[in-house]
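Engineer: Just dropping this structure here.
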Amino acid sequence: MFNPLDVLDELSASRPALSADEIDAAAKRIADIIEPTPLQFSPRLSALSGAQVYLKREDLTAVRSYKLRGAYNLIVQLTPEERSAGVVAASAGNHAQGVAYACHAMGIKGRIYVPTTTPKQKRDRIRVHGGEFVELIAVGETYDAAAAAAAADVERTGATMVPPFDDPRTAAGQGTIAAEILEQLGTAPDLVVVPVGGGGCLAGIGTYLRERAPQAGILGVEPSGAASMTAALVAGGPVTLPTIDPFVDGAAVRRIGALPYAAAAGFGSRVVSHGSLPLLTATESPQGAGAFRMMHVDEGAICTTMLELYQNEGIIAEPAGALSVTGLSEIEVEPGSTVVCLVSGGNNDVSRYGEIIERSLVHRGLKHYFLVDFPQEPGALRRFLNEVLGPDDDITMFEYVKRNNRETGAALVGIELGAQDGLAPLLERMRDSPIQCERLEPGSSAYRYLT
């Protein structure tokens with residue numbers, strides 16, 4: 001059985017254990033390069049939830065994410081010998097930008113490994129922030145593959161690894177977010193909602209709140225396609241997920257960090273997957289303080305949140321940056337309570353918005369795909385439009401090749417409904433029509449290919 005205390009015992013004396021005091025020290029170290037990010041009240045989310053909702057805007061840092069905090073806090077503590085040997089990092093994109101920015105600011109050479117799936121926008125920003133001090137290397141399809149390549153580099157060259165989450169110095173830097181929240185609010189919030197990828201941010205924020213504001217509840221939110229912290233808490237220790245969905249690239253981690261797991265396991269936890277979740281009171285917590293819970297949310301719901309944040313607040317959130325607000329939308333909180341959602345990053349490539357809109361429509365039940373076997377005769381398409389398609393429905397995809405030697409020909413048709421309750425009537429009209437229609441079921445290979 002994994003014992004979280006074993007992880008802390010293995011930390012060397014040069015790496016102080018994660019604590020509120022160390023997080024306060026980190027805040028002083030990074031003060032010259034990182035200004036406090038805004039804590040913005042959200043009228044829309046407050047009205048929807050019944051709580052007083054604030055957004056902690058980490059998307060407004062110099063690198064558009066909170067990752068600069070941990071990277072700079074670690075690198076600035078290196079000895080002259082370690083600095084001369086350079087640093088190495090692995091990242092899905094945001095941590096890499098933080099490392100690149102820190103390397104350029106301190107004149108330290110660095111090599112950064114990213115998955116080949118890292119969006120071009122993030123790769124370009126890494127190069128901009130690092131300049132001549134950073135070499136960018138793309139390898140493998142996941143963060144874990146990039147991390148393995150970075151570890152081999154350290155073994156070969158003697159450079160210093162800058163972990164994105166599994167190091168107390170990184171987690172302490174990220175924990176400075178909690179210190180800012182308490183100072184900006186002037187009191188402890190009832191709930192802080194934190195996105196979870198590797199878990200360093202959760203470890204830092206949670207540690208600080210447990211010591212400085214133990215009455216504050218904590219909710220960690222993961223993408224359903226990469227719920228590694230949830231899996232670890234259920235199993236009693238870090239486990240390697242067999243597969244992950246890399247869509248939420250900033251939080252798509254196959255295995256949670258040992259240090260973040262140790263911290264989270266010490267908070268006392270309850271794991272939920274979805275649905276109504278009342279805000280627990282202090283007496284309901286296993287530790288007699290604010291409750292700590294983990295939940296995971298569907299990638300389609302994350303896409304819907306991204307679009308809502310953009311359309312309503314003008315916030316360009318990346319998928320991981322929208323995790324906390326997505327989690328808030330799926331729980332019930334005590335009316336009038338104070339809730340802080342961490343918008344962790346805004347590094348989103350605009351070329352991804354087509355897929356984001358698609359996933360959102362599918363999640364909301366508005367987008368569906370069909371194979372329609374049209375008679376190869378004049379007027380067949382017009383009959384389909386008049387007899388099958390609803391008045392508020394729209395064809396968004398139509399792929400058809402006429403075969404002269406066949407009586408019918410199949411077309412791939414994508415239909416966007418005017419309302420969520422329009423699917424059942426559409427299917428009924430299809431059954432009544434002489435035109436044969438086959439729905440591509442969500443989860444099938446053909447459906448995954450399309451979406």
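Following the order of the structure tokens, first chain is A, next is B, and so on, with residues numbered from 1 inside each chain and ligands from 1 in the order they appear.
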Can you tell me, as a ChimeraX atom specification, what residues are no more than 10 Å from A:Ala150 when counting only C-alpha atoms, ignoring any on the same chain fewer than 5 positions away?
Structural biologist: /A:87-91,111-114,137,139,144-145,155-156,159,161-163
Engineer: Write a file of the selected residues as a PDB file, in the first residue's frame, keeping C-alpha atoms.
Structural biologist:
ATOM      1  CA  VAL A  87      17.951  22.940 -16.855  1.00  0.00           C
ATOM      2  CA  VAL A  88      15.629  20.442 -18.517  1.00  0.00           C
ATOM      3  CA  ALA A  89      11.840  20.300 -18.403  1.00  0.00           C
ATOM      4  CA  ALA A  90       8.947  18.305 -19.812  1.00  0.00           C
ATOM      5  CA  SER A  91       5.581  19.902 -20.351  1.00  0.00           C
ATOM      6  CA  ARG A 111      16.052  22.171 -23.051  1.00  0.00           C
ATOM      7  CA  ILE A 112      12.300  21.681 -23.037  1.00  0.00           C
ATOM      8  CA  TYR A 113      10.550  18.499 -24.157  1.00  0.00           C
ATOM      9  CA  VAL A 114       6.895  18.685 -25.239  1.00  0.00           C
ATOM     10  CA  ILE A 137      12.182  19.310 -28.556  1.00  0.00           C
ATOM     11  CA  VAL A 139       8.732  13.862 -28.740  1.00  0.00           C
ATOM     12  CA  ASP A 144       4.559  11.076 -20.065  1.00  0.00           C
ATOM     13  CA  ALA A 145       6.571  10.355 -23.219  1.00  0.00           C
ATOM     14  CA  GLU A 155      20.802  11.285 -16.815  1.00  0.00           C
ATOM     15  CA  ARG A 156      23.000  11.930 -19.825  1.00  0.00           C
ATOM     16  CA  ALA A 159      21.365  19.196 -16.095  1.00  0.00           C
ATOM     17  CA  MET A 161      15.207  18.789 -13.970  1.00  0.00           C
ATOM     18  CA  VAL A 162      12.465  21.371 -13.428  1.00  0.00           C
ATOM     19  CA  PRO A 163       9.374  19.220 -12.746  1.00  0.00           C
TER      20      PRO A 163
END
Engineer: List the neighbours of A:Pro246 out to 8 Å using only C-alpha atoms; skip same-chain residues closer than 2 positions along the sequence, and give me the result as a ChimeraX atom specification.
Structural biologist: /A:117,142,225-226,244,248-249,252
Engineer: Which residues are near A:Leu426? Cut-off 9 Å, only C-alpha atoms, ignore same chain within fewer than 5 positions. Put them as a list in words.
Structural biologist: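 Everything that qualifies: Val388, Leu389, Gly390, Leu417 and Arg431 of chain A.
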Engineer: For the residues in that selection, give me N, CA, C and O atoms as a short mmCIF file (atom, residue, chain, number, x, y, z; two decimals), in the first residue's frame.
Structural biologist:
data_model
loop_
_atom_site.label_atom_id
_atom_site.label_comp_id
_atom_site.auth_asym_id
_atom_site.auth_seq_id
_atom_site.Cartn_x
_atom_site.Cartn_y
_atom_site.Cartn_z
N VAL A 388 -38.17 14.94 -43.55
CA VAL A 388 -37.38 14.44 -42.41
C VAL A 388 -36.83 15.58 -41.56
O VAL A 388 -36.97 15.59 -40.33
N LEU A 389 -36.21 16.55 -42.18
CA LEU A 389 -35.56 17.62 -41.43
C LEU A 389 -36.60 18.52 -40.77
O LEU A 389 -37.61 18.88 -41.38
N GLY A 390 -36.37 18.88 -39.50
CA GLY A 390 -37.28 19.78 -38.79
C GLY A 390 -37.10 21.22 -39.24
O GLY A 390 -36.07 21.58 -39.83
N LEU A 417 -29.42 20.29 -34.44
CA LEU A 417 -30.81 20.51 -34.06
C LEU A 417 -31.02 21.93 -33.56
O LEU A 417 -30.12 22.56 -33.00
N ARG A 431 -37.84 7.17 -39.22
CA ARG A 431 -38.46 5.84 -39.26
C ARG A 431 -39.66 5.81 -40.21
O ARG A 431 -39.90 4.79 -40.88
#
Engineer: So which one's closest to A:Ser42, A:Gly443, A:Gly314, A:Pro195, A:Gly290? Using only C-alpha atoms, please.
Structural biologist: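 Checking each candidate against A:Ser42, we get A:Gly314 as the closest.
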Engineer: What's around stretch 316-318 of chain A at 12 Å? Count only C-alpha atoms, leave out sequence neighbours fewer than 6 positions away in its own chain, and write the answer as a VMD selection string.
Structural biologist: chain A and resid 55 57 to 60 64 to 65 93 to 94 119 121 to 122 195 247 to 251 299 302 to 310 324 to 326 342 to 350 352 to 353 356
Engineer: So that I can check the surroundings of stretch 124-133 of chain A, please list as a PyMOL selection string every protein, DNA and RNA residue that reaches within 9 Å of it, counting only C-alpha atoms and ignoring chain neighbours fewer than 6 positions away.
Structural biologist: chain A and resi 63+93-94+96-105+107-112+347
Engineer: For C-alpha atoms, I'd like the residues from the last selection saved as a PDB file, in the first residue's frame.
Structural biologist:
ATOM      1  CA  VAL A  63       2.946  33.432 -19.910  1.00  0.00           C
ATOM      2  CA  GLY A  93       2.963  23.530 -23.010  1.00  0.00           C
ATOM      3  CA  ASN A  94       2.238  25.884 -20.103  1.00  0.00           C
ATOM      4  CA  ALA A  96       7.359  24.943 -20.716  1.00  0.00           C
ATOM      5  CA  GLN A  97       6.488  28.603 -21.185  1.00  0.00           C
ATOM      6  CA  GLY A  98       7.141  29.274 -17.513  1.00  0.00           C
ATOM      7  CA  VAL A  99      10.530  27.537 -17.690  1.00  0.00           C
ATOM      8  CA  ALA A 100      11.388  29.365 -20.920  1.00  0.00           C
ATOM      9  CA  TYR A 101      10.485  32.738 -19.405  1.00  0.00           C
ATOM     10  CA  ALA A 102      12.551  32.008 -16.269  1.00  0.00           C
ATOM     11  CA  CYS A 103      15.537  30.831 -18.312  1.00  0.00           C
ATOM     12  CA  HIS A 104      15.504  34.004 -20.384  1.00  0.00           C
ATOM     13  CA  ALA A 105      15.085  36.209 -17.303  1.00  0.00           C
ATOM     14  CA  GLY A 107      20.221  33.833 -18.535  1.00  0.00           C
ATOM     15  CA  ILE A 108      20.156  30.064 -18.025  1.00  0.00           C
ATOM     16  CA  LYS A 109      20.249  27.519 -20.845  1.00  0.00           C
ATOM     17  CA  GLY A 110      17.350  25.077 -20.979  1.00  0.00           C
ATOM     18  CA  ARG A 111      16.052  22.171 -23.051  1.00  0.00           C
ATOM     19  CA  ILE A 112      12.300  21.681 -23.037  1.00  0.00           C
ATOM     20  CA  ASN A 347      -3.047  29.476 -24.142  1.00  0.00           C
TER      21      ASN A 347
END
Engineer: Identify all residues of stretch 318-363 of chain A in helix (DSSP H, G or I) (DSSP on the backbone) and supply them as a ChimeraX atom specification.
Structural biologist: /A:320-329,350-363
Engineer: Show which residues sit within 9 Å of A:Val372, as a PyMOL selection string. Count only C-alpha atoms, and ignore same-chain residues fewer than 4 positions away.
Structural biologist: chain A and resi 409-413+435-439
Engineer: So which one's closest to A:Ser360, A:Met295, A:Ala146, A:Ala301, A:Ile34? Using only C-alpha atoms, please.
Structural biologist: A:Ala301
Engineer: Can you work out the spacing between atom CA of A:Val333 and atom CA of A:Gln215 in Å, to one decimal?
Structural biologist: 15.2 Å
Engineer: Using only C-alpha atoms, pick whichever of A:Leu68, A:Ile357, A:Val134, A:Val339 has the shortest atom-to-atom distance to A:Glu416.
Structural biologist: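 Ranking A:Leu68, A:Ile357, A:Val134, A:Val339 by distance to A:Glu416, first place goes to A:Ile357.
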Engineer: Rounded to one decimal place, report the atom CA of A:Ile205-atom CA of A:Asp190 distance in Å.
Structural biologist: 14.0 Å
Engineer: Between A:Glu387, A:Asp32, A:Glu222, A:Glu399, which one has atoms that come closest to A:Leu427, using only C-alpha atoms?
Structural biologist: A:Glu387
Engineer: One decimal, Å: what's the distance from atom CA of A:Leu219 over to atom CA of A:Ala291, could you say?
Structural biologist: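 Here the two named atoms are 8.1 Å from each other.
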Engineer: Apply DSSP to the structure's backbone, then extract all residues of stretch 299-384 of chain A labelled strand (DSSP E or B) and return them as number ranges by chain.
Structural biologist: A: 338-343, 345, 367-375
Engineer: Pick the closest to A:Phe370 from A:Ala149, A:Met397, A:Ala322, A:Ala232: which is it, counting only C-alpha atoms?
Structural biologist: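 Of A:Ala149, A:Met397, A:Ala322, A:Ala232, the one nearest A:Phe370, counting only C-alpha atoms, is A:Met397.
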